[in-house]
There are 2 protein chains.
Amino acid sequence: MYRSHNCGELRASHTNTEITLAGWVQGVRDKGFMVYVDLRDRYGITQLYFDEEQTNKKVLETAQKLGREFVIQVKGKVQERASKNPNIPTGDIEVLVSDLTILNKAKLPPFTIEDKTDGGEDIRMKYRYLDIRRNPVKNSLIFRHKVTQEVRNYLSNASFIEVETPYLIKSTPEGARDFVVPSRMNEGQFYALPQSPQTFKQLLMVGGMDKYFQIVKCFRDEDLRADRQPEFTQIDCEMAFIEQEDIINTFEGLTRHLLKEINGVEVDKFPRMLYDDAMRLYGNDKPDIRFGMQFGELNQVAQHKDFGVFNNAELVVGIAVPGGNSYTRKEIDKLISWVKRPQVGALGMVYCRYNDDGSFKSSVDKFYDQDDLAKWAEVTGAKPGDLICVLSGDKNKVRAQLSALRMELSERLGLRKPNEFAPLWVIDFPLLEWDEDTERYHAMHHPFTSPKPGQIELLKTDPGAVKANAYDLVLNGNEIGGGSIRIHDKETQALMFDYLGFTEEEAKAQFGFLMDAFQYGAPPHGGLAFGLDRLVAILGGQETIRDYIAFPKNNAGRDVMIDAPAPIDDEQLTELSLKLNLKS
Amino acid sequence: MYRSHNCGELRASHTNTEITLAGWVQGVRDKGFMVYVDLRDRYGITQLYFDEEQTNKKVLETAQKLGREFVIQVKGKVQERASKNPNIPTGDIEVLVSDLTILNKAKLPPFTIEDKTDGGEDIRMKYRYLDIRRNPVKNSLIFRHKVTQEVRNYLSNASFIEVETPYLIKSTPEGARDFVVPSRMNEGQFYALPQSPQTFKQLLMVGGMDKYFQIVKCFRDEDLRADRQPEFTQIDCEMAFIEQEDIINTFEGLTRHLLKEINGVEVDKFPRMLYDDAMRLYGNDKPDIRFGMQFGELNQVAQHKDFGVFNNAELVVGIAVPGGNSYTRKEIDKLISWVKRPQVGALGMVYCRYNDDGSFKSSVDKFYDQDDLAKWAEVTGAKPGDLICVLSGDKNKVRAQLSALRMELSERLGLRKPNEFAPLWVIDFPLLEWDEDTERYHAMHHPFTSPKPGQIELLKTDPGAVKANAYDLVLNGNEIGGGSIRIHDKETQALMFDYLGFTEEEAKAQFGFLMDAFQYGAPPHGGLAFGLDRLVAILGGQETIRDYIAFPKNNAGRDVMIDAPAPIDDEQLTELSLKLNLKS
């Protein structure tokens with residue numbers, strides 16, 4: 001037995017108990033005649049004590065030579081500390097060591113194993129096993145475990161069944177690019193890794209499973225961003241014999257449960273917002289509603305004056321920045337530069353100071369008098385002391401630009417409070433979205449999403465106006481989940497594939513099994529998938545999802561620790577080329 | 001709202017309640033003036049009742065036209081049945097239907113949706129979503145869910161943390177063949193899908209995670225057998241600062257918990273058997289100990305007579321078949337043919353009848369007298385009325401042959417009782433096993449398994465004799481789990497790789513990250529992995545693991561329902577060939 005207790009367990013009540021501990025040397029304080037060692041494991045830190053009088057000479061000498069991160073085992077007796085440390089749970093005691101065994105030596109770690117480390121991200125990724133020893137990473141992984149346990153227990157208690165769906169499936173042309181996997185048993189043929197278990201969970205509904213969930217890895221072979229991994233984890237859920245209202249109630253219940261159990265926060269019924277309103281009021285389909293700064297559309301009050309820029313714009317829209325009138329001219333110029341950065345892309349910004357005395361001073365005083373500007377204030381909800389920022393141009397672009405500005409300013413103003421949780425349902429998403437590149441409509445959610453009742457006819461006349469039974473769950477400005485009520489009859493599904501540009505043969509080849517299934521008694525069904533990585537990061541209050549992934553990949557999709565992906569050897573390459581039926 | 005209750009919920013106490021149900025039509029009994037419909041969902045079956053007097057004419061007519069597996073919704077009132085059905089929980093009531101809506105029609109299913117179906121395996125695999133509606137499959141999937149929930153809760157309560165390890169990793173040369181996954185972001189390079197999270201769980205131990213588990217998919221691109229899938233699920237566990245005894249106690253506790261909670265069976269402390277004893281007494285490293293029929297080695301008593309076959313054999317070994325003396329000569333001849341089948345491979349079989357009067361009659365009476373045969377009986381533990389079956393030849397082969405015979409006969413004799421559970425630890429596995437093909441030793445478990453203390457020196461002189469800190473958990477003749485105490489220092493690991501024929505460069509290229517990690521303070525650690533598919537099948541008492549997999553692949557590694565794997569189109573092929581750096 002390597003230990004009788006762990007390093008976070010001993011208290012004053014253990015005084016005089018003979019114990020055995022094992023762990024890592026956090027640090028050694030050698031005062032010559034006495035030595036203190038902090039011994040660390042997952043559960044905490046316990047102080048070890050050695051001195052000339054009470055400790056065997058050889059043991060003391062060994063203790064003096066211990067290096068950071070050595071793995072040791074000690075036997076000894078618990079005693080109360082002379083000077084207690086109220087900051088750690090074991091701070092009342094120390095262990096007077098009688099025996100010390102070095103279980104494994106350690107090279108000096110390339111960065112300090114402390115909460116605030118001196119290691120940059122690259123080196124910590126390369127030595128991820130050392131990074132995991134640090135409390136912030138270790139606790140993030142434990143936090144993730146707790147969240148998944150809570151999710152599983154909640155859903156299991158609500159009669160959901162976790163069913164594993166296959167990882168080696170068939171490639172489908174919709175959505176992001178599939179990772180493909182050549183099959184040795186079936187030469188020249190390929191599996192694909194799932195981007196989600198979408199069709200399988202629908203088949204489980206056809207199969208009568210009624211309530212399904214799965215916490216499952218999904219894959220997409222796409223260029224990555226800082227918060228996207230080529231493999232990611234979903235809490236994937238589906239229910240039969242339900243309407244949108246049932247889905248919303250069920251997963252609002254789950255989310256409220258998590259906020260309560262994990263964060264100790266009680267949240268009222270989640271508000272709901274139409275997609276169109278989210279875009280109009282926040283320029284964004286995942287608005288952060290922890291604070292106001294809603295958009296005010298100024299077309300009516302700011303157009304038809306002599307200001308050509310506004311007159312020619314599809315949309316003129318502003319926000320009131322609380323207390324923004326205190327900005328100096330230089331600060332405002334910086335803000336204008338900020339919105340003109342390529343990442344934001346505005347051509348310029350009009351601003352209007354709302355002075356404490358009720359007067360206005362704008363960058364376009366030439367075109368607008370005090371009464372005009374008072375209307376701007378009314379529409380944007382500005383108060384004396386605020387600054388009104390106005391952007392104009394193409395509707396979709398200008399909304400995105402002003403949304404970026406809103407997020408930036410709210411961050412600077414400290415309005416995005418990490419311990420405040422403001423969930424929101426965004427509902428009635430459009431069924432389709434226009435794709436500039438291919439010059440056609442794509443399914444906004446996926447091709448299995450049903451249109452709102454009675455709207456399918458609109459597909460022919462005004463496709464962009466068709467709303468879907470689709471909804472997103474938003475938390476603090478992040479989409480943490482999304483889903484829809486599915487199409488469950490073959491005719492509508494065929495119509496949808498046809499509309500999305502599939503020939504009948506293509507639809508049959510790709511999704512024949514699903515449309516076949518719909519002919520054998522498919523129940524009405526729908527679902528929701530949470531992005532676990534992001535959900536955990538938001539609940540946990542960390543900046544990036546990588547902190548919650550044990551072995552993340554970098555922005556190039558590489559695991560630098562194990563150096564993957566890697567070239568494979570010639571023999572395998574030859575075998576693969578045979579599989580691919582390529583002449584080499 | 002599609003339903004107020006489910007189809008397994010209503011009882012006599014609901015009489016006169018207005019309810020709404022939805023589900024599938026199991027069957028319609030149309031008696032003209034009255035109609036009975038069995039409505040089915042995941043939770044049960046409820047009888048619907050319609051008659052001329054009480055039901056609206058249109059509703060009655062719709063009911064008469066319902067086909068099997070139609071999806072319907074009904075509103076009505078609960079009433080007590082005239083003739084109750086005590087075989088189902090809802091058997092006391094029926095629903096007098098007032099409204100009936102057909103939610104979806106259904107084509108006639110290609111096989112009956114009954115517990116005993118008329119569908120063969122192929123057709124049921126092709127229409128798996130219909131097969132899942134049948135109780136045996138549906139209940140198997142729910143059973144699997146319950147097992148995984150119990151496992152997760154048990155391990156979580158024991159301070160284990162479930163950590164997700166990556167699916168896109170680096171290919172390693174040991175073990176079965178990896179599935180490879182080309183990377184688009186890193187041209188010419190490949191990920192591999194993990195055969196197990198082995199190295200990652202070891203890195204988590206180096207990272208101080210202390211107790212890790214994960215229920216995780218693993219992959220091997222190998223030819224399949226009926227009970228092997230290219231993707232399979234493991235309960236993967238690892239612990240630090242432990243010895244073999246700690247691992248055994250922990251997972252014996254888990255297994256005992258499952259047997260109790262899932263099967264309602266209380267099991268005593270699991271027996272342990274040395275690998276060498278398992279091979280000697282059962283010819284098998286996963287003996288079924290629900291019954292006896294232990295091997296008796298007969299070299300001492302049967303050699304050095306005039307029977308050349310035995311004299312030239314490395315091993316002469318027999319078993320006593322209880323009551324086997326009742327076999328006719330013809331039956332025994334059939335048994336001899338059975339052991340001579342290529343799948344078993346024996347050259348012949350010697351037998352000896354133990355008559356009720358205490359006399360013996362053997363197939364080799366020419367060489368052995370009654371005293372000789374009495375010794376056979378003594379060694380094999382035969383009693384009057386038994387039949388002694390004796391095989392001889394090369395030790396390893398003959399043990400495997402006699403083990404096959406033992407299993408076959410015990411099955412015929414009904415000794416493998418499905419509701420009896422006999423777990424067993426098999427310990428002290430050899431570290432290495434000889435591979436005839438490559439003419440060298442391979443790691444029996446994997447190259448991270450540690451040798452028994454003090455035995456590493458034996459590697460040079462008698463490698464086959466070196467025992468490992470490796471153990472299997474066996475249940476009713478099946479290996480349900482296996483693991484080992486790992487090597488945790490770089491020197492031993494390097495020695496092991498060297499011994500297994502890796503050059504220093506190869507070892508560094510493949511496992512450098514692990515050996516590096518060992519230099520930064522690796523704790524002693526070890527673990528165990530359960531094969532979830534098999535564990536669930538054994539606990540659930542079904543024959544094949546496929547019954548417990550929602551969407552299994554067939555023996556050719558194909559999912560016939562979705563037709564995967566499949567060829568991919570030319571554009572993708574071209575892209576892949578570019579990635580492979582192959583000239584096409």
# chains A, B, ... in the order shown; residues from 1 in each chain; ligands from 1
$ residues_around --residues "stretch 115-120 of chain B" --least-positions-apart "3" --cutoff "6 Å" --atoms "only C-alpha atoms" --output "list in words"
Phe111, Thr112, Ile123, Arg134 and Asn135 of chain B
$ residues_around --residues "A:Arg440" --least-positions-apart "4" --cutoff "10 Å" --atoms "only C-alpha atoms" --output "ChimeraX atom specification"
/A:432-436,499-501
$ write_last_selection --atoms "N, CA and C atoms" --output "PDB file, in the first residue's frame"
ATOM      1  N   LEU A 432     -33.584  28.752 -44.261  1.00  0.00           N
ATOM      2  CA  LEU A 432     -32.501  28.764 -45.254  1.00  0.00           C
ATOM      3  C   LEU A 432     -31.651  30.006 -45.088  1.00  0.00           C
ATOM      4  N   GLU A 433     -30.421  29.917 -45.531  1.00  0.00           N
ATOM      5  CA  GLU A 433     -29.646  31.145 -45.622  1.00  0.00           C
ATOM      6  C   GLU A 433     -28.945  31.185 -46.983  1.00  0.00           C
ATOM      7  N   TRP A 434     -28.801  32.384 -47.501  1.00  0.00           N
ATOM      8  CA  TRP A 434     -28.220  32.585 -48.815  1.00  0.00           C
ATOM      9  C   TRP A 434     -26.711  32.441 -48.725  1.00  0.00           C
ATOM     10  N   ASP A 435     -26.151  31.688 -49.645  1.00  0.00           N
ATOM     11  CA  ASP A 435     -24.707  31.535 -49.667  1.00  0.00           C
ATOM     12  C   ASP A 435     -24.148  32.289 -50.871  1.00  0.00           C
ATOM     13  N   GLU A 436     -23.333  33.302 -50.586  1.00  0.00           N
ATOM     14  CA  GLU A 436     -22.800  34.158 -51.654  1.00  0.00           C
ATOM     15  C   GLU A 436     -21.948  33.349 -52.638  1.00  0.00           C
ATOM     16  N   TYR A 499     -35.207  21.005 -52.894  1.00  0.00           N
ATOM     17  CA  TYR A 499     -35.003  22.438 -52.796  1.00  0.00           C
ATOM     18  C   TYR A 499     -33.531  22.785 -52.593  1.00  0.00           C
ATOM     19  N   LEU A 500     -32.819  21.946 -51.864  1.00  0.00           N
ATOM     20  CA  LEU A 500     -31.408  22.227 -51.567  1.00  0.00           C
ATOM     21  C   LEU A 500     -30.478  21.796 -52.705  1.00  0.00           C
ATOM     22  N   GLY A 501     -31.069  21.341 -53.804  1.00  0.00           N
ATOM     23  CA  GLY A 501     -30.267  21.086 -54.991  1.00  0.00           C
ATOM     24  C   GLY A 501     -29.776  19.660 -55.135  1.00  0.00           C
TER      25      GLY A 501
END
$ residues_around --residues "A:Val163" --least-positions-apart "3" --cutoff "7 Å" --atoms "only C-alpha atoms" --output "list in words"
Tyr212, Phe213 and Gln214 of chain A; Leu141, His145 and Ala550 of chain B
$ write_last_selection --atoms "all heavy atoms" --output "compact mmCIF listing (two decimals), in the first residue's frame"
# COMPACT_ATOMS: atom_id res chain seq x y z
N TYR A 212 -33.61 9.94 -26.21
CA TYR A 212 -32.23 9.51 -26.38
C TYR A 212 -31.30 10.63 -26.00
O TYR A 212 -31.58 11.81 -26.23
CB TYR A 212 -31.99 9.16 -27.85
CG TYR A 212 -30.62 9.53 -28.40
CD1 TYR A 212 -29.55 8.63 -28.35
CD2 TYR A 212 -30.37 10.80 -28.95
CE1 TYR A 212 -28.29 8.98 -28.84
CE2 TYR A 212 -29.11 11.14 -29.44
CZ TYR A 212 -28.08 10.24 -29.38
OH TYR A 212 -26.84 10.58 -29.87
N PHE A 213 -30.16 10.28 -25.42
CA PHE A 213 -29.07 11.26 -25.34
C PHE A 213 -27.76 10.52 -25.47
O PHE A 213 -27.67 9.30 -25.35
CB PHE A 213 -29.11 12.08 -24.04
CG PHE A 213 -28.49 11.41 -22.85
CD1 PHE A 213 -27.21 11.77 -22.42
CD2 PHE A 213 -29.15 10.43 -22.16
CE1 PHE A 213 -26.63 11.16 -21.31
CE2 PHE A 213 -28.58 9.81 -21.06
CZ PHE A 213 -27.32 10.18 -20.63
N GLN A 214 -26.72 11.31 -25.70
CA GLN A 214 -25.39 10.74 -25.78
C GLN A 214 -24.39 11.89 -25.62
O GLN A 214 -24.57 12.96 -26.21
CB GLN A 214 -25.18 10.06 -27.14
CG GLN A 214 -23.89 9.28 -27.23
CD GLN A 214 -23.65 8.64 -28.61
OE1 GLN A 214 -22.74 7.85 -28.76
NE2 GLN A 214 -24.43 8.98 -29.59
N LEU B 141 -30.66 -2.35 -25.24
CA LEU B 141 -30.05 -1.02 -25.28
C LEU B 141 -30.29 -0.27 -23.97
O LEU B 141 -29.40 0.42 -23.46
CB LEU B 141 -30.59 -0.22 -26.47
CG LEU B 141 -30.27 -0.81 -27.85
CD1 LEU B 141 -30.86 0.07 -28.95
CD2 LEU B 141 -28.76 -0.96 -28.06
N HIS B 145 -27.47 0.99 -21.17
CA HIS B 145 -27.50 2.31 -20.54
C HIS B 145 -27.42 2.20 -19.02
O HIS B 145 -26.68 2.92 -18.36
CB HIS B 145 -28.78 3.04 -20.96
CG HIS B 145 -29.11 4.23 -20.11
ND1 HIS B 145 -28.38 5.40 -20.16
CD2 HIS B 145 -30.08 4.43 -19.17
CE1 HIS B 145 -28.90 6.26 -19.31
NE2 HIS B 145 -29.92 5.71 -18.69
N ALA B 550 -26.49 -0.55 -30.76
CA ALA B 550 -27.64 0.00 -31.48
C ALA B 550 -27.50 -0.21 -32.99
O ALA B 550 -28.44 -0.65 -33.65
CB ALA B 550 -27.79 1.49 -31.17
$ residues_around --residues "A:His5" --least-positions-apart "6" --cutoff "12 Å" --atoms "only C-alpha atoms" --output "ChimeraX atom specification"
/A:11,14,17-23,41,43-46,73-76,78,95 /B:241
$ residues_around --residues "A:Asp306" --least-positions-apart "3" --cutoff "12 Å" --atoms "only C-alpha atoms" --output "CSV table (one decimal) with N, CA and C atoms, in the first residue's frame"
chain,number,residue,atom,x,y,z
A,302,ALA,N,-32.7,59.7,-39.2
A,302,ALA,CA,-31.5,60.2,-39.7
A,302,ALA,C,-31.3,60.3,-41.2
A,303,GLN,N,-32.3,59.7,-41.9
A,303,GLN,CA,-32.2,59.8,-43.3
A,303,GLN,C,-33.0,61.0,-43.8
A,309,VAL,N,-24.1,59.8,-46.8
A,309,VAL,CA,-23.6,58.5,-46.3
A,309,VAL,C,-24.8,57.8,-45.7
A,310,PHE,N,-25.6,58.5,-44.8
A,310,PHE,CA,-26.8,57.8,-44.2
A,310,PHE,C,-27.9,57.6,-45.2
A,311,ASN,N,-28.1,58.6,-46.1
A,311,ASN,CA,-29.2,58.5,-47.1
A,311,ASN,C,-29.0,57.3,-48.0
A,312,ASN,N,-27.7,56.9,-48.3
A,312,ASN,CA,-27.5,55.8,-49.2
A,312,ASN,C,-27.4,54.5,-48.5
A,364,VAL,N,-21.4,65.1,-36.9
A,364,VAL,CA,-22.2,65.5,-38.1
A,364,VAL,C,-23.1,66.6,-37.8
A,365,ASP,N,-22.6,67.6,-37.0
A,365,ASP,CA,-23.5,68.7,-36.6
A,365,ASP,C,-23.9,69.5,-37.8
A,366,LYS,N,-23.1,69.4,-38.9
A,366,LYS,CA,-23.4,70.1,-40.1
A,366,LYS,C,-24.8,69.7,-40.7
A,367,PHE,N,-25.2,68.5,-40.4
A,367,PHE,CA,-26.4,68.0,-41.1
A,367,PHE,C,-27.6,67.8,-40.1
A,368,TYR,N,-27.2,67.8,-38.8
A,368,TYR,CA,-28.3,67.5,-37.8
A,368,TYR,C,-28.3,68.5,-36.7
A,369,ASP,N,-29.5,69.0,-36.4
A,369,ASP,CA,-29.6,70.0,-35.3
A,369,ASP,C,-29.9,69.3,-34.0
$ residues_around --residues "A:Ala465" --least-positions-apart "5" --cutoff "12 Å" --atoms "only C-alpha atoms" --output "list in words"
Tyr275, Asp276, Asp428, Phe429, Pro430, Leu431, Leu432, Glu433, Trp434, Tyr441, Pro451, Lys452, Gln455, Ile456, Glu457, Leu458, Leu459 and Lys460 of chain A
$ write_last_selection --atoms "N, CA and C atoms" --output "mmCIF file, in the first residue's frame"
data_model
loop_
_atom_site.group_PDB
_atom_site.id
_atom_site.type_symbol
_atom_site.label_atom_id
_atom_site.label_comp_id
_atom_site.auth_asym_id
_atom_site.auth_seq_id
_atom_site.Cartn_x
_atom_site.Cartn_y
_atom_site.Cartn_z
ATOM 1 N N TYR A 275 -35.609 35.259 -33.585
ATOM 2 C CA TYR A 275 -34.364 35.478 -34.326
ATOM 3 C C TYR A 275 -34.338 36.871 -34.947
ATOM 4 N N ASP A 276 -35.458 37.269 -35.549
ATOM 5 C CA ASP A 276 -35.504 38.589 -36.197
ATOM 6 C C ASP A 276 -35.261 39.713 -35.189
ATOM 7 N N ASP A 428 -37.406 30.645 -33.829
ATOM 8 C CA ASP A 428 -37.878 31.010 -35.175
ATOM 9 C C ASP A 428 -36.738 31.450 -36.090
ATOM 10 N N PHE A 429 -35.717 30.638 -36.143
ATOM 11 C CA PHE A 429 -34.621 30.883 -37.092
ATOM 12 C C PHE A 429 -35.138 30.740 -38.523
ATOM 13 N N PRO A 430 -34.505 31.412 -39.477
ATOM 14 C CA PRO A 430 -34.856 31.140 -40.872
ATOM 15 C C PRO A 430 -34.511 29.686 -41.216
ATOM 16 N N LEU A 431 -35.283 29.120 -42.149
ATOM 17 C CA LEU A 431 -35.002 27.752 -42.588
ATOM 18 C C LEU A 431 -33.737 27.713 -43.442
ATOM 19 N N LEU A 432 -33.584 28.752 -44.261
ATOM 20 C CA LEU A 432 -32.501 28.764 -45.254
ATOM 21 C C LEU A 432 -31.651 30.006 -45.088
ATOM 22 N N GLU A 433 -30.421 29.917 -45.531
ATOM 23 C CA GLU A 433 -29.646 31.145 -45.622
ATOM 24 C C GLU A 433 -28.945 31.185 -46.983
ATOM 25 N N TRP A 434 -28.801 32.384 -47.501
ATOM 26 C CA TRP A 434 -28.220 32.585 -48.815
ATOM 27 C C TRP A 434 -26.711 32.441 -48.725
ATOM 28 N N TYR A 441 -29.437 28.929 -51.786
ATOM 29 C CA TYR A 441 -29.790 28.799 -50.377
ATOM 30 C C TYR A 441 -29.258 27.491 -49.817
ATOM 31 N N PRO A 451 -39.794 23.202 -41.578
ATOM 32 C CA PRO A 451 -40.289 24.582 -41.620
ATOM 33 C C PRO A 451 -41.466 24.755 -40.659
ATOM 34 N N LYS A 452 -41.745 26.007 -40.284
ATOM 35 C CA LYS A 452 -42.922 26.286 -39.455
ATOM 36 C C LYS A 452 -44.164 25.810 -40.194
ATOM 37 N N GLN A 455 -45.693 27.047 -43.767
ATOM 38 C CA GLN A 455 -44.769 27.929 -44.480
ATOM 39 C C GLN A 455 -44.063 27.262 -45.657
ATOM 40 N N ILE A 456 -44.281 25.959 -45.798
ATOM 41 C CA ILE A 456 -43.522 25.253 -46.830
ATOM 42 C C ILE A 456 -43.834 25.798 -48.230
ATOM 43 N N GLU A 457 -45.052 26.326 -48.408
ATOM 44 C CA GLU A 457 -45.431 26.887 -49.711
ATOM 45 C C GLU A 457 -44.577 28.109 -50.072
ATOM 46 N N LEU A 458 -44.205 28.862 -49.011
ATOM 47 C CA LEU A 458 -43.385 30.063 -49.197
ATOM 48 C C LEU A 458 -42.043 29.755 -49.857
ATOM 49 N N LEU A 459 -41.614 28.488 -49.734
ATOM 50 C CA LEU A 459 -40.316 28.092 -50.304
ATOM 51 C C LEU A 459 -40.209 28.515 -51.761
ATOM 52 N N LYS A 460 -41.342 28.431 -52.470
ATOM 53 C CA LYS A 460 -41.310 28.722 -53.901
ATOM 54 C C LYS A 460 -41.226 30.216 -54.179
#
$ residues_around --residues "stretch 527-534 of chain B" --least-positions-apart "4" --cutoff "6 Å" --atoms "only C-alpha atoms" --output "VMD selection string"
chain B and resid 233 to 239 480 to 484 545
$ write_last_selection --atoms "all heavy atoms" --output "mmCIF file, in the first residue's frame"
data_model
loop_
_atom_site.group_PDB
_atom_site.id
_atom_site.type_symbol
_atom_site.label_atom_id
_atom_site.label_comp_id
_atom_site.auth_asym_id
_atom_site.auth_seq_id
_atom_site.Cartn_x
_atom_site.Cartn_y
_atom_site.Cartn_z
ATOM 1 N N THR B 233 -16.306 -0.665 -27.372
ATOM 2 C CA THR B 233 -16.315 0.264 -26.255
ATOM 3 C C THR B 233 -15.621 -0.327 -25.032
ATOM 4 O O THR B 233 -15.850 -1.480 -24.699
ATOM 5 C CB THR B 233 -17.764 0.653 -25.896
ATOM 6 O OG1 THR B 233 -18.413 1.089 -27.089
ATOM 7 C CG2 THR B 233 -17.800 1.766 -24.871
ATOM 8 N N GLN B 234 -14.772 0.467 -24.437
ATOM 9 C CA GLN B 234 -14.065 0.047 -23.239
ATOM 10 C C GLN B 234 -14.452 0.898 -22.041
ATOM 11 O O GLN B 234 -14.670 2.090 -22.173
ATOM 12 C CB GLN B 234 -12.552 0.228 -23.440
ATOM 13 C CG GLN B 234 -11.876 -0.966 -24.033
ATOM 14 C CD GLN B 234 -10.365 -0.862 -24.087
ATOM 15 O OE1 GLN B 234 -9.754 -1.545 -24.858
ATOM 16 N NE2 GLN B 234 -9.769 -0.003 -23.276
ATOM 17 N N ILE B 235 -14.490 0.251 -20.874
ATOM 18 C CA ILE B 235 -14.458 1.011 -19.629
ATOM 19 C C ILE B 235 -12.985 1.029 -19.239
ATOM 20 O O ILE B 235 -12.434 0.017 -18.807
ATOM 21 C CB ILE B 235 -15.271 0.338 -18.503
ATOM 22 C CG1 ILE B 235 -16.693 0.039 -18.966
ATOM 23 C CG2 ILE B 235 -15.292 1.223 -17.253
ATOM 24 C CD1 ILE B 235 -17.456 -0.862 -17.992
ATOM 25 N N ASP B 236 -12.366 2.161 -19.425
ATOM 26 C CA ASP B 236 -10.922 2.262 -19.332
ATOM 27 C C ASP B 236 -10.578 2.944 -18.005
ATOM 28 O O ASP B 236 -11.086 4.033 -17.723
ATOM 29 C CB ASP B 236 -10.450 3.109 -20.522
ATOM 30 C CG ASP B 236 -8.965 3.013 -20.742
ATOM 31 O OD1 ASP B 236 -8.480 1.873 -20.824
ATOM 32 O OD2 ASP B 236 -8.306 4.072 -20.818
ATOM 33 N N CYS B 237 -9.739 2.313 -17.193
ATOM 34 C CA CYS B 237 -9.481 2.836 -15.841
ATOM 35 C C CYS B 237 -7.988 2.821 -15.537
ATOM 36 O O CYS B 237 -7.269 1.911 -15.974
ATOM 37 C CB CYS B 237 -10.175 1.981 -14.787
ATOM 38 S SG CYS B 237 -11.926 1.701 -15.098
ATOM 39 N N GLU B 238 -7.556 3.787 -14.768
ATOM 40 C CA GLU B 238 -6.147 3.833 -14.357
ATOM 41 C C GLU B 238 -6.054 4.504 -12.990
ATOM 42 O O GLU B 238 -6.819 5.430 -12.694
ATOM 43 C CB GLU B 238 -5.329 4.608 -15.400
ATOM 44 C CG GLU B 238 -3.829 4.423 -15.320
ATOM 45 C CD GLU B 238 -3.304 3.141 -15.985
ATOM 46 O OE1 GLU B 238 -4.114 2.404 -16.596
ATOM 47 O OE2 GLU B 238 -2.090 2.860 -15.888
ATOM 48 N N MET B 239 -5.114 4.035 -12.178
ATOM 49 C CA MET B 239 -4.927 4.581 -10.836
ATOM 50 C C MET B 239 -3.428 4.755 -10.561
ATOM 51 O O MET B 239 -2.619 3.966 -11.042
ATOM 52 C CB MET B 239 -5.472 3.613 -9.774
ATOM 53 C CG MET B 239 -6.921 3.234 -9.951
ATOM 54 S SD MET B 239 -7.401 1.838 -8.859
ATOM 55 C CE MET B 239 -7.579 2.685 -7.288
ATOM 56 N N ILE B 480 -13.589 -10.418 -19.248
ATOM 57 C CA ILE B 480 -14.352 -9.172 -19.301
ATOM 58 C C ILE B 480 -13.464 -7.961 -19.035
ATOM 59 O O ILE B 480 -13.852 -6.841 -19.325
ATOM 60 C CB ILE B 480 -15.560 -9.158 -18.336
ATOM 61 C CG1 ILE B 480 -15.119 -9.413 -16.894
ATOM 62 C CG2 ILE B 480 -16.599 -10.181 -18.779
ATOM 63 C CD1 ILE B 480 -16.218 -9.118 -15.895
ATOM 64 N N GLY B 481 -12.287 -8.207 -18.496
ATOM 65 C CA GLY B 481 -11.379 -7.091 -18.257
ATOM 66 C C GLY B 481 -9.956 -7.576 -18.156
ATOM 67 O O GLY B 481 -9.706 -8.762 -17.907
ATOM 68 N N GLY B 482 -9.040 -6.658 -18.383
ATOM 69 C CA GLY B 482 -7.644 -7.022 -18.269
ATOM 70 C C GLY B 482 -6.824 -5.789 -17.997
ATOM 71 O O GLY B 482 -7.217 -4.681 -18.368
ATOM 72 N N GLY B 483 -5.704 -5.991 -17.326
ATOM 73 C CA GLY B 483 -4.872 -4.825 -17.067
ATOM 74 C C GLY B 483 -3.541 -5.225 -16.500
ATOM 75 O O GLY B 483 -3.184 -6.404 -16.459
ATOM 76 N N SER B 484 -2.808 -4.215 -16.069
ATOM 77 C CA SER B 484 -1.486 -4.478 -15.542
ATOM 78 C C SER B 484 -1.009 -3.299 -14.717
ATOM 79 O O SER B 484 -1.549 -2.207 -14.798
ATOM 80 C CB SER B 484 -0.495 -4.738 -16.678
ATOM 81 O OG SER B 484 -0.302 -3.592 -17.473
ATOM 82 N N ILE B 545 -22.830 -10.011 -28.659
ATOM 83 C CA ILE B 545 -22.676 -8.618 -28.267
ATOM 84 C C ILE B 545 -23.445 -7.688 -29.204
ATOM 85 O O ILE B 545 -23.795 -6.584 -28.827
ATOM 86 C CB ILE B 545 -21.189 -8.197 -28.234
ATOM 87 C CG1 ILE B 545 -20.522 -8.322 -29.596
ATOM 88 C CG2 ILE B 545 -20.429 -9.003 -27.211
ATOM 89 C CD1 ILE B 545 -19.165 -7.654 -29.651
#
$ closest_residue --among "A:Gln519, A:Asn355, A:Ser363, A:Thr250" --to "chain B" --atoms "only C-alpha atoms"
A:Gln519
